[in-house]
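Source file: upload-v1.csv (CSV, C-alpha atoms and all ligand atoms)
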chain,number,residue,atom,x,y,z
A,1,MET,CA,-2.5,14.1,9.7
A,2,ALA,CA,-3.0,15.9,6.5
A,3,GLY,CA,-5.8,17.9,8.1
A,4,GLN,CA,-3.5,18.9,11.0
A,5,ARG,CA,-0.6,19.9,8.8
A,6,ALA,CA,-3.0,21.9,6.6
A,7,ARG,CA,-4.3,23.8,9.7
A,8,ALA,CA,-0.7,24.5,10.8
A,9,LEU,CA,0.2,25.9,7.3
A,10,LYS,CA,-3.0,28.0,7.3
A,11,ALA,CA,-2.0,29.4,10.7
A,12,GLN,CA,1.3,30.6,9.0
A,13,GLY,CA,-0.9,32.6,6.6
A,14,ARG,CA,-0.8,30.3,3.6
A,15,ASP,CA,-3.8,30.2,1.3
A,16,ILE,CA,-4.7,26.5,1.8
A,17,VAL,CA,-7.4,25.0,-0.3
A,18,SER,CA,-8.7,22.3,2.0
A,19,LEU,CA,-10.8,19.5,0.5
A,20,THR,CA,-10.8,17.3,3.6
A,21,THR,CA,-14.0,18.2,5.3
A,22,GLY,CA,-16.7,15.6,5.9
A,23,GLU,CA,-19.6,17.9,6.2
A,24,PRO,CA,-22.0,19.9,4.0
A,25,ASP,CA,-20.8,23.5,3.5
A,26,PHE,CA,-24.3,25.0,3.9
A,27,PRO,CA,-25.9,26.1,7.2
A,28,THR,CA,-28.6,24.1,9.1
A,29,PRO,CA,-32.0,25.1,7.5
A,30,PRO,CA,-33.6,28.0,9.6
A,31,HIS,CA,-36.8,26.1,10.4
A,32,ILE,CA,-34.7,23.5,12.3
A,33,ILE,CA,-32.8,26.2,14.2
A,34,GLU,CA,-36.1,27.9,15.0
A,35,ALA,CA,-37.7,24.6,16.3
A,36,ALA,CA,-34.7,24.1,18.6
A,37,HIS,CA,-34.9,27.7,19.8
A,38,GLN,CA,-38.6,27.3,20.6
A,39,ALA,CA,-38.0,23.9,22.3
A,40,MET,CA,-35.4,25.6,24.6
A,41,LEU,CA,-37.8,28.4,25.5
A,42,ALA,CA,-40.5,25.8,26.2
A,43,GLY,CA,-38.2,24.1,28.7
A,44,GLN,CA,-36.9,21.2,26.7
A,45,THR,CA,-33.5,21.7,28.3
A,46,ARG,CA,-33.6,18.7,30.7
A,47,TYR,CA,-32.7,15.0,30.6
A,48,THR,CA,-34.9,13.0,28.1
A,49,ASP,CA,-35.5,9.3,27.9
A,50,VAL,CA,-32.1,7.7,27.4
A,51,GLY,CA,-32.8,6.3,23.9
A,52,GLY,CA,-34.4,9.5,22.7
A,53,THR,CA,-37.8,11.2,23.2
A,54,MET,CA,-40.8,9.1,22.3
A,55,GLN,CA,-41.8,11.9,19.8
A,56,LEU,CA,-38.4,11.6,18.0
A,57,ARG,CA,-38.4,7.8,18.1
A,58,GLU,CA,-41.9,7.9,16.5
A,59,ALA,CA,-40.5,10.3,13.9
A,60,VAL,CA,-37.6,7.9,13.2
A,61,ALA,CA,-40.0,5.0,12.8
A,62,ALA,CA,-42.2,7.1,10.5
A,63,LYS,CA,-39.1,8.1,8.4
A,64,PHE,CA,-38.1,4.5,7.9
A,65,ARG,CA,-41.7,3.7,6.9
A,66,ARG,CA,-42.1,6.7,4.6
A,67,GLU,CA,-38.7,6.7,2.9
A,68,ASN,CA,-37.5,3.1,3.1
A,69,GLY,CA,-40.7,1.0,3.3
A,70,LEU,CA,-39.5,-0.5,6.7
A,71,ASP,CA,-41.9,-1.2,9.5
A,72,TYR,CA,-40.4,-0.6,13.0
A,73,ARG,CA,-42.0,0.0,16.4
A,74,THR,CA,-40.6,2.8,18.5
A,75,GLU,CA,-39.0,0.2,20.9
A,76,GLU,CA,-37.0,-1.0,17.9
A,77,THR,CA,-35.5,2.4,17.4
A,78,ILE,CA,-32.8,4.4,19.2
A,79,VAL,CA,-31.5,8.0,19.0
A,80,SER,CA,-27.9,8.6,19.9
A,81,THR,CA,-25.2,11.2,19.9
A,82,GLY,CA,-24.5,10.9,16.1
A,83,ALA,CA,-24.5,7.8,13.9
A,84,LYS,CA,-21.0,7.3,15.3
A,85,GLN,CA,-22.4,6.5,18.7
A,86,VAL,CA,-24.9,4.1,17.2
A,87,VAL,CA,-22.1,2.2,15.4
A,88,PHE,CA,-20.0,2.3,18.6
A,89,SER,CA,-22.8,1.0,20.9
A,90,ALA,CA,-23.9,-1.7,18.6
A,91,LEU,CA,-20.3,-3.1,18.2
A,92,MET,CA,-19.5,-2.7,21.9
A,93,CYS,CA,-22.7,-4.6,22.9
A,94,THR,CA,-22.2,-7.5,20.6
A,95,VAL,CA,-18.6,-8.1,19.7
A,96,GLN,CA,-16.7,-10.6,22.0
A,97,ALA,CA,-12.9,-10.9,22.0
A,98,GLY,CA,-11.9,-12.6,18.7
A,99,ASP,CA,-15.2,-12.1,16.9
A,100,GLU,CA,-14.8,-11.1,13.3
A,101,VAL,CA,-16.3,-8.1,11.6
A,102,ILE,CA,-16.2,-7.9,7.8
A,103,VAL,CA,-15.2,-4.4,6.7
A,104,PRO,CA,-15.3,-3.9,2.9
A,105,THR,CA,-12.3,-1.7,1.8
A,106,PRO,CA,-12.3,1.3,1.3
A,107,TYR,CA,-14.0,2.0,4.6
A,108,TRP,CA,-14.9,4.9,6.9
A,109,VAL,CA,-12.0,5.1,9.3
A,110,SER,CA,-14.0,4.6,12.4
A,111,TYR,CA,-15.2,1.0,11.7
A,112,PRO,CA,-12.0,-0.9,12.1
A,113,ASP,CA,-10.9,1.2,15.1
A,114,ILE,CA,-14.2,0.6,16.9
A,115,VAL,CA,-14.0,-3.1,16.2
A,116,LEU,CA,-10.5,-3.2,17.7
A,117,LEU,CA,-11.7,-1.3,20.7
A,118,ALA,CA,-14.3,-4.0,21.2
A,119,GLU,CA,-11.5,-6.5,21.0
A,120,GLY,CA,-12.9,-7.9,17.7
A,121,LYS,CA,-11.0,-8.6,14.6
A,122,PRO,CA,-11.7,-6.4,11.5
A,123,VAL,CA,-11.6,-8.6,8.4
A,124,PHE,CA,-10.9,-6.4,5.4
A,125,VAL,CA,-12.3,-7.4,2.0
A,126,ASP,CA,-10.9,-5.6,-1.0
A,127,CYS,CA,-13.5,-3.9,-3.2
A,128,PRO,CA,-11.4,-2.5,-6.1
A,129,ALA,CA,-12.4,0.3,-8.4
A,130,ALA,CA,-12.9,-2.2,-11.2
A,131,ALA,CA,-15.8,-3.7,-9.1
A,132,GLY,CA,-17.2,-0.2,-8.5
A,133,PHE,CA,-15.7,-0.3,-5.0
A,134,LYS,CA,-18.5,-2.7,-4.1
A,135,LEU,CA,-18.4,-5.9,-2.2
A,136,GLN,CA,-18.9,-8.9,-4.5
A,137,PRO,CA,-21.0,-11.9,-3.2
A,138,ALA,CA,-18.2,-14.4,-3.9
A,139,ASP,CA,-15.7,-12.3,-1.9
A,140,LEU,CA,-18.2,-12.0,1.0
A,141,GLU,CA,-18.7,-15.8,0.9
A,142,ARG,CA,-14.9,-16.3,1.2
A,143,ALA,CA,-14.5,-13.9,4.1
A,144,ILE,CA,-17.2,-15.5,6.3
A,145,THR,CA,-16.1,-17.9,9.1
A,146,PRO,CA,-17.9,-19.3,12.1
A,147,ARG,CA,-16.5,-16.4,14.1
A,148,THR,CA,-18.0,-13.7,11.8
A,149,LYS,CA,-20.4,-11.5,13.8
A,150,TRP,CA,-21.1,-8.6,11.5
A,151,LEU,CA,-20.8,-7.3,8.0
A,152,VAL,CA,-20.6,-3.5,7.9
A,153,LEU,CA,-22.1,-1.9,4.8
A,154,ASN,CA,-22.0,1.8,4.1
A,155,SER,CA,-23.9,3.0,1.0
A,156,PRO,CA,-23.4,5.6,-0.4
A,157,ASN,CA,-19.8,5.0,0.8
A,158,ASN,CA,-17.3,7.3,2.5
A,159,PRO,CA,-14.8,7.6,0.8
A,160,SER,CA,-15.7,6.0,-2.6
A,161,GLY,CA,-19.2,7.2,-3.1
A,162,ALA,CA,-20.3,3.8,-4.2
A,163,ALA,CA,-24.0,3.1,-3.7
A,164,TYR,CA,-25.5,-0.4,-3.8
A,165,THR,CA,-28.6,-1.1,-5.9
A,166,ALA,CA,-31.4,-3.2,-4.5
A,167,ALA,CA,-30.3,-6.1,-6.7
A,168,GLU,CA,-26.7,-5.9,-5.5
A,169,LEU,CA,-27.9,-5.9,-1.9
A,170,ALA,CA,-30.2,-8.9,-2.6
A,171,ALA,CA,-27.2,-10.8,-4.0
A,172,LEU,CA,-25.2,-10.2,-0.8
A,173,ALA,CA,-28.2,-11.3,1.2
A,174,GLU,CA,-28.4,-14.5,-0.7
A,175,VAL,CA,-24.9,-15.3,0.6
A,176,LEU,CA,-25.9,-14.3,4.1
A,177,ALA,CA,-28.9,-16.6,4.0
A,178,ARG,CA,-26.5,-19.4,4.3
A,179,HIS,CA,-24.7,-17.9,7.3
A,180,PRO,CA,-27.3,-17.1,10.0
A,181,GLN,CA,-24.6,-16.0,12.5
A,182,VAL,CA,-23.7,-13.0,10.4
A,183,TRP,CA,-25.5,-9.7,11.2
A,184,VAL,CA,-25.5,-6.6,8.9
A,185,MET,CA,-24.9,-3.1,10.1
A,186,THR,CA,-25.8,-0.8,7.3
A,187,ASP,CA,-24.7,2.8,7.6
A,188,ASP,CA,-27.0,4.9,5.4
A,189,ILE,CA,-25.9,8.3,6.6
A,190,TYR,CA,-25.5,9.5,3.0
A,191,GLU,CA,-28.9,8.2,1.8
A,192,HIS,CA,-30.1,11.5,0.5
A,193,LEU,CA,-26.9,12.3,-1.4
A,194,ILE,CA,-27.2,9.9,-4.3
A,195,TYR,CA,-26.9,11.0,-7.9
A,196,ASP,CA,-28.0,10.4,-11.5
A,197,ASP,CA,-31.6,9.5,-10.2
A,198,GLN,CA,-30.3,6.2,-8.7
A,199,PRO,CA,-32.9,5.1,-6.2
A,200,PHE,CA,-31.6,4.5,-2.7
A,201,SER,CA,-32.0,1.1,-1.3
A,202,THR,CA,-31.1,-0.5,2.0
A,203,MET,CA,-30.6,-4.1,3.1
A,204,VAL,CA,-33.9,-4.9,4.8
A,205,GLN,CA,-35.8,-3.3,2.0
A,206,ALA,CA,-33.9,-5.4,-0.6
A,207,ALA,CA,-34.0,-8.6,1.5
A,208,PRO,CA,-36.8,-8.5,4.1
A,209,PHE,CA,-35.7,-11.8,5.7
A,210,MET,CA,-32.6,-9.9,7.0
A,211,ARG,CA,-34.8,-7.8,9.3
A,212,ASP,CA,-34.0,-10.0,12.4
A,213,ARG,CA,-30.3,-9.5,12.1
A,214,THR,CA,-29.8,-6.0,10.6
A,215,LEU,CA,-29.2,-2.7,12.2
A,216,THR,CA,-30.1,0.2,9.9
A,217,VAL,CA,-28.1,3.3,10.9
A,218,ASN,CA,-28.8,6.8,9.8
A,219,GLY,CA,-28.7,10.4,11.1
A,220,THR,CA,-29.3,14.0,10.5
A,221,SER,CA,-25.7,15.1,10.0
A,222,LYS,CA,-25.3,15.0,6.3
A,223,ALA,CA,-28.7,15.4,4.7
A,224,TYR,CA,-29.8,18.3,7.0
A,225,ALA,CA,-26.3,19.9,7.5
A,226,MET,CA,-26.5,19.1,11.3
A,227,THR,CA,-23.1,17.7,12.0
A,228,GLY,CA,-22.6,19.7,15.1
A,229,TRP,CA,-26.0,18.8,16.6
A,230,ARG,CA,-24.9,15.2,17.1
A,231,ILE,CA,-28.0,13.3,16.3
A,232,GLY,CA,-28.0,9.8,14.8
A,233,TYR,CA,-30.5,7.0,15.0
A,234,ALA,CA,-31.1,3.4,14.1
A,235,ALA,CA,-33.7,0.7,13.8
A,236,GLY,CA,-33.1,-3.0,14.6
A,237,PRO,CA,-34.1,-6.0,16.6
A,238,GLN,CA,-35.5,-5.0,20.0
A,239,ALA,CA,-33.0,-7.0,22.1
A,240,LEU,CA,-30.0,-5.3,20.4
A,241,ILE,CA,-31.7,-1.9,20.8
A,242,LYS,CA,-32.3,-2.5,24.4
A,243,ALA,CA,-28.7,-3.4,25.1
A,244,MET,CA,-27.5,-0.3,23.2
A,245,VAL,CA,-29.8,1.9,25.3
A,246,LYS,CA,-28.4,0.4,28.4
A,247,LEU,CA,-24.8,1.1,27.3
A,248,GLN,CA,-25.9,4.6,26.4
A,249,SER,CA,-27.4,5.1,29.8
A,250,GLN,CA,-24.1,4.4,31.5
A,251,SER,CA,-21.9,6.4,29.1
A,252,THR,CA,-23.5,9.6,27.6
A,253,SER,CA,-27.2,9.3,28.8
A,254,ASN,CA,-29.6,10.8,26.4
A,255,PRO,CA,-28.4,12.7,23.3
A,256,SER,CA,-28.8,16.4,23.7
A,257,SER,CA,-32.4,17.5,24.2
A,258,VAL,CA,-31.9,20.5,22.0
A,259,GLY,CA,-30.3,18.4,19.3
A,260,GLN,CA,-33.3,16.1,19.4
A,261,ALA,CA,-35.7,19.0,19.1
A,262,GLY,CA,-33.8,20.1,15.9
A,263,ALA,CA,-33.8,16.5,14.6
A,264,LEU,CA,-37.5,16.2,15.1
A,265,ALA,CA,-38.1,19.3,13.0
A,266,ALA,CA,-35.6,17.9,10.4
A,267,LEU,CA,-37.4,14.6,10.0
A,268,THR,CA,-41.0,15.9,10.2
A,269,GLY,CA,-40.6,19.3,8.5
A,270,PRO,CA,-40.2,20.3,4.9
A,271,GLN,CA,-37.8,18.1,2.8
A,272,ASP,CA,-37.8,20.3,-0.3
A,273,PHE,CA,-34.3,21.7,0.2
A,274,ILE,CA,-32.7,18.3,-0.1
A,275,ALA,CA,-33.2,17.9,-3.9
A,276,PRO,CA,-31.5,21.2,-4.8
A,277,HIS,CA,-28.6,20.4,-2.5
A,278,ARG,CA,-28.3,17.0,-4.3
A,279,GLN,CA,-28.3,18.7,-7.7
A,280,LEU,CA,-25.6,21.2,-6.5
A,281,PHE,CA,-23.4,18.3,-5.2
A,282,GLN,CA,-23.9,16.4,-8.4
A,283,ARG,CA,-22.6,19.5,-10.4
A,284,ARG,CA,-19.6,19.7,-8.1
A,285,ARG,CA,-19.0,16.0,-8.5
A,286,ASP,CA,-18.9,16.3,-12.2
A,287,LEU,CA,-16.6,19.3,-12.0
A,288,VAL,CA,-14.1,17.4,-9.9
A,289,VAL,CA,-14.3,14.1,-11.8
A,290,GLY,CA,-13.9,15.9,-15.1
A,291,GLY,CA,-10.9,17.9,-13.9
A,292,LEU,CA,-9.2,14.9,-12.4
A,293,ASN,CA,-9.6,12.6,-15.4
A,294,ALA,CA,-8.1,15.3,-17.6
A,295,ILE,CA,-4.8,14.9,-15.7
A,296,GLU,CA,-2.5,12.1,-16.9
A,297,GLY,CA,-1.7,9.6,-14.2
A,298,ILE,CA,-4.9,10.2,-12.3
A,299,ALA,CA,-8.0,8.0,-12.7
A,300,CYS,CA,-11.3,9.0,-11.0
A,301,PRO,CA,-14.3,6.8,-11.2
A,302,VAL,CA,-17.7,8.6,-11.0
A,303,PRO,CA,-19.1,8.3,-7.5
A,304,ASN,CA,-22.7,7.3,-7.2
A,305,GLY,CA,-23.3,9.3,-4.0
A,306,ALA,CA,-21.9,11.1,-0.9
A,307,PHE,CA,-19.7,14.1,-1.4
A,308,TYR,CA,-16.3,12.5,-2.1
A,309,THR,CA,-14.3,11.4,-5.1
A,310,PHE,CA,-11.8,8.6,-4.6
A,311,ALA,CA,-9.3,8.7,-7.3
A,312,SER,CA,-6.2,6.7,-8.1
A,313,CYS,CA,-2.8,8.4,-8.4
A,314,GLN,CA,-1.0,5.1,-9.0
A,315,GLY,CA,-0.2,6.3,-12.6
A,316,LEU,CA,2.2,8.8,-11.0
A,317,PHE,CA,4.1,6.4,-8.9
A,318,GLY,CA,7.8,6.4,-9.7
A,319,ARG,CA,7.7,10.1,-10.9
A,320,ARG,CA,9.9,12.6,-9.1
A,321,THR,CA,9.0,15.9,-7.5
A,322,PRO,CA,11.1,19.1,-8.3
A,323,GLU,CA,12.8,18.5,-4.9
A,324,GLY,CA,13.9,15.0,-6.1
A,325,LYS,CA,11.5,13.0,-4.0
A,326,THR,CA,10.0,9.9,-5.7
A,327,ILE,CA,6.2,9.5,-5.4
A,328,ALA,CA,5.6,5.9,-4.2
A,329,SER,CA,2.2,6.2,-2.5
A,330,SER,CA,-0.8,8.4,-2.1
A,331,ASP,CA,0.8,9.5,1.2
A,332,ASP,CA,3.7,10.9,-0.9
A,333,PHE,CA,1.4,12.4,-3.5
A,334,THR,CA,-1.0,14.1,-1.0
A,335,GLU,CA,2.0,15.5,1.0
A,336,TYR,CA,3.4,16.8,-2.3
A,337,LEU,CA,0.1,18.6,-3.1
A,338,LEU,CA,0.0,20.2,0.3
A,339,GLU,CA,3.7,21.3,0.4
A,340,SER,CA,3.9,22.5,-3.3
A,341,GLN,CA,0.4,23.7,-4.0
A,342,ASP,CA,-1.2,24.4,-0.6
A,343,LEU,CA,-3.9,21.9,-1.4
A,344,ALA,CA,-5.1,19.5,1.3
A,345,VAL,CA,-6.7,16.2,0.3
A,346,LEU,CA,-6.8,12.9,2.3
A,347,GLN,CA,-4.5,10.0,1.6
A,348,GLY,CA,-6.1,6.7,0.7
A,349,SER,CA,-4.2,4.8,3.4
A,350,ALA,CA,-6.6,6.2,5.9
A,351,TYR,CA,-9.3,4.2,4.1
A,352,GLY,CA,-7.2,1.1,3.5
A,353,VAL,CA,-6.3,2.0,-0.1
A,354,PRO,CA,-2.8,3.5,-0.4
A,355,THR,CA,-3.1,4.0,-4.2
A,356,HIS,CA,-6.0,6.5,-3.9
A,357,PHE,CA,-6.8,9.9,-2.4
A,358,ARG,CA,-10.1,11.4,-1.3
A,359,ILE,CA,-11.4,14.8,-2.2
A,360,SER,CA,-14.4,16.2,-0.5
A,361,PHE,CA,-16.5,18.3,-2.9
A,362,ALA,CA,-18.5,19.9,-0.1
A,363,THR,CA,-17.1,23.3,-1.0
A,364,SER,CA,-17.7,26.0,-3.6
A,365,GLU,CA,-17.3,25.4,-7.3
A,366,GLU,CA,-14.8,28.2,-7.4
A,367,ARG,CA,-12.6,26.4,-4.8
A,368,LEU,CA,-13.0,23.1,-6.6
A,369,ALA,CA,-11.9,24.6,-9.9
A,370,GLU,CA,-8.9,26.2,-8.1
A,371,ALA,CA,-8.1,22.7,-6.6
A,372,ASN,CA,-8.2,21.2,-10.1
A,373,ARG,CA,-5.8,23.8,-11.4
A,374,ARG,CA,-3.4,23.2,-8.5
A,375,ILE,CA,-3.4,19.4,-8.9
A,376,ALA,CA,-2.8,19.8,-12.7
A,377,ALA,CA,0.1,22.2,-11.9
A,378,ALA,CA,1.6,19.8,-9.3
A,379,VAL,CA,1.5,16.8,-11.8
A,380,ALA,CA,2.9,18.9,-14.6
A,381,ALA,CA,5.9,19.7,-12.4
A,382,LEU,CA,6.7,16.0,-11.8
A,383,GLY,CA,9.7,14.6,-13.6
B,401,LIG,N1,-20.8,7.2,9.0
B,401,LIG,C1,-20.1,7.6,7.9
B,401,LIG,C2,-19.9,6.7,6.8
B,401,LIG,C3,-19.5,8.9,8.0
B,401,LIG,O1,-18.8,9.4,6.9
B,401,LIG,C4,-19.8,9.7,9.1
B,401,LIG,C5,-19.2,11.1,9.2
B,401,LIG,O2,-18.3,11.5,8.5
B,401,LIG,C6,-20.5,9.2,10.1
B,401,LIG,C7,-21.1,7.9,10.0
B,401,LIG,C8,-20.8,10.0,11.4
B,401,LIG,O3,-22.0,10.6,11.4
B,401,LIG,P1,-22.5,11.4,12.7
B,401,LIG,O4,-22.2,12.8,12.5
B,401,LIG,O5,-24.0,11.2,12.7
B,401,LIG,O6,-21.9,10.8,13.9
With the file now loaded, output its structure as C-alpha cells.
Amino acid sequence: MAGQRARALKAQGRDIVSLTTGEPDFPTPPHIIEAAHQAMLAGQTRYTDVGGTMQLREAVAAKFRRENGLDYRTEETIVSTGAKQVVFSALMCTVQAGDEVIVPTPYWVSYPDIVLLAEGKPVFVDCPAAAGFKLQPADLERAITPRTKWLVLNSPNNPSGAAYTAAELAALAEVLARHPQVWVMTDDIYEHLIYDDQPFSTMVQAAPFMRDRTLTVNGTSKAYAMTGWRIGYAAGPQALIKAMVKLQSQSTSNPSSVGQAGALAALTGPQDFIAPHRQLFQRRRDLVVGGLNAIEGIACPVPNGAFYTFASCQGLFGRRTPEGKTIASSDDFTEYLLESQDLAVLQGSAYGVPTHFRISFATSEERLAEANRRIAAAVAALG
C-alpha cells in the first residue's frame, strides 16, 4: 500500500525518499554476471534437472558444510525460484487443512499468507521488543498443540533484524525435543548481514538432533545482491525434499538455468565483497538508529542483522497532525510521513505489529540522513 502510494506520488514529480525496499542497493558482483554470460554462450540455456543442476546442488551442500558445519548429501538439497518458492513448496507439501504453523511476530509477510493458502492456521506468538523481538522458550511451549506442524524461524529477521544466538536456538530446541511432531523451517536468507561480530548460527548447528525435522532455507538474493536472479535453496530430510521437487516439477519446473549459473559462481567464487558490504550496512544502521532515537516519541532498538530497523512510534499516539488528524497507529504515522514529508516507510501492521514501522537502510547514507531530517520535522510539527 505505502509502496504503491509512494510510486504514485513519485509519478506526480514529488521527491519521494523511499525506505521500503527489501533488496541491497549495490549491483550483482561482475564475476557472477560474467559467469552467467559465459554459461549462456556455452549453451546452458535449456531445461535443467528440476531440483537444480547437480553442480549447484553440490555447491549448496558444500556451502552448508563450509559455513554452517552441516552435512547434507546433494539429494537432501533443492534449488528453487527464490527462497520464497522453497518456503511455499515446503508448506504446500506438508500442511493439511487445520494444521497449525507457529509464526513468531513480527514476521515476514509471506509466511502467514502461504500457510493460509495451504489451508493451515498461522499461530502468531508475540515477540516484543523487550524480548529483543525473539521467541521465548516458554511462549513456544504454550503455543504448541497436537496440531502444530511447523515452527517458522527467521534469523536475522525481517522486519526486526533480530538474530538468535546458538544458545537461544538450543533453548528453543529443548522445548521442541518434547514435541516430536513439530518441524522447524529456518529462513536464513540474511545470514551474511549480521553485525557487531555476532556469529551466525542456525537450528541444526545449535541442536543437531533437530536435523531430521528441520528445513534450512537460504538463497543468493540478499548476500550477493541477486534478488532478480531468483535463486533460493534449502537442505532437509530427503523425503521432504523429494516432495518439494515433485511440486516444483508440476509448477515452475527448474529454476532459471542462467540464474543457477550465476548462483554457482556466487557460492563457489570469491566471498571477499561480503564483509565490506556488512560494514557499510552496519554504519547505515547506526546512522538510522541514532537519528530515530534522538526523536522524542520514537524508540528504535538496535537490530542485530538484516537491513531493517523496526522502531516504535507508540510514543506519538494521541498527537495531532497540522491537518487535525490524530495519530492512533503506525498506519496513521506512516501515512502522515508520506503525505507531509514525501517519505515512504512501511507500517508495522504488515508485520503483525501496529505500533512499529520498518525502515530499510539499503540506501545511501545521504538519503538516510535526509530521511532522519524528514521524520524529525514531521514529529516536530505534531500538536
Ligand atoms: N525470506 C525473507 C525473510 C525475506 O525478507 C525475503 C525477501 O524479502 C525472502 C525470504 C525472499 O527471498 P528470495 O528473493 O530468495 O525469494
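Using all atoms listed in the file, the shortest contact distance between A:Gly259 and any of A:Asn304, A:Asn293, A:Thr145, A:Thr81 is found at A:Thr81.
Taking atom CA of A:Ala371 and atom CA of A:Gln198 as endpoints, the distance between them is 27.7 Å.
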Legend entry - Residue nearest A:Tyr336 - candidates A:Gln205, A:Ile189, A:Pro322, A:Gln238, atoms counted: only C-alpha atoms: A:Pro322
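For the set A:Met92, A:Val289, A:Leu267, A:Val60, the residue with the smallest atom-to-atom gap to A:Arg358 is A:Val289, counting only C-alpha atoms.
Using all atoms listed in the file, the residues found no farther than 10 Å from A:Arg46, other than those of its own chain fewer than 4 positions away, are A:Met40, A:Asn254, A:Ser256, A:Ser257, A:Val258.
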Requested write-out: C-alpha atoms of the selected residues, as a short mmCIF file (atom, residue, chain, number, x, y, z; two decimals), in the frame of the given file:
data_model
loop_
_atom_site.label_atom_id
_atom_site.label_comp_id
_atom_site.auth_asym_id
_atom_site.auth_seq_id
_atom_site.Cartn_x
_atom_site.Cartn_y
_atom_site.Cartn_z
CA MET A 40 -35.40 25.60 24.60
CA ASN A 254 -29.60 10.80 26.40
CA SER A 256 -28.80 16.40 23.70
CA SER A 257 -32.40 17.50 24.20
CA VAL A 258 -31.90 20.50 22.00
#
Inset, instruction - For A:Phe273, work out the shell of residues within 12 Å, counting all atoms listed in the file and skipping chain neighbours fewer than 2 positions away, then give it as a ChimeraX atom specification. - result: /A:26-31,192,223-225,266,269-271,275-280
Residues as selected, C-alpha atoms, written as an mmCIF file, keeping the file's coordinate frame, can you do that?
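Saved as selection02.cif:
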data_model
loop_
_atom_site.group_PDB
_atom_site.id
_atom_site.type_symbol
_atom_site.label_atom_id
_atom_site.label_comp_id
_atom_site.auth_asym_id
_atom_site.auth_seq_id
_atom_site.Cartn_x
_atom_site.Cartn_y
_atom_site.Cartn_z
ATOM 1 C CA PHE A 26 -24.300 25.000 3.900
ATOM 2 C CA PRO A 27 -25.900 26.100 7.200
ATOM 3 C CA THR A 28 -28.600 24.100 9.100
ATOM 4 C CA PRO A 29 -32.000 25.100 7.500
ATOM 5 C CA PRO A 30 -33.600 28.000 9.600
ATOM 6 C CA HIS A 31 -36.800 26.100 10.400
ATOM 7 C CA HIS A 192 -30.100 11.500 0.500
ATOM 8 C CA ALA A 223 -28.700 15.400 4.700
ATOM 9 C CA TYR A 224 -29.800 18.300 7.000
ATOM 10 C CA ALA A 225 -26.300 19.900 7.500
ATOM 11 C CA ALA A 266 -35.600 17.900 10.400
ATOM 12 C CA GLY A 269 -40.600 19.300 8.500
ATOM 13 C CA PRO A 270 -40.200 20.300 4.900
ATOM 14 C CA GLN A 271 -37.800 18.100 2.800
ATOM 15 C CA ALA A 275 -33.200 17.900 -3.900
ATOM 16 C CA PRO A 276 -31.500 21.200 -4.800
ATOM 17 C CA HIS A 277 -28.600 20.400 -2.500
ATOM 18 C CA ARG A 278 -28.300 17.000 -4.300
ATOM 19 C CA GLN A 279 -28.300 18.700 -7.700
ATOM 20 C CA LEU A 280 -25.600 21.200 -6.500
#
Legend entry - Distance filter 9 Å around ligand LIG 401 (chain B), atoms: only C-alpha atoms and all ligand atoms, out as JSON, numbers by chain: {"A": [21, 22, 23, 80, 81, 82, 83, 84, 85, 86, 87, 107, 108, 109, 110, 111, 154, 155, 156, 157, 158, 159, 187, 188, 189, 190, 217, 218, 219, 220, 221, 222, 226, 227, 228, 229, 230, 231, 232, 233, 306]}
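Shortest separation to A:Ala39 among A:Gly315, A:Gly352, A:Gly262, A:Gly161 occurs at residue A:Gly262, atoms counted being all atoms listed in the file.
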Inset, instruction - Name the residues, using the chain letters and numbers of the file, that sit within 10 Å of (7.4, 17.5, -14.4) when counting all atoms listed in the file, and give them as JSON, numbers by chain. - result: {"A": [319, 320, 321, 322, 377, 378, 379, 380, 381, 382, 383]}
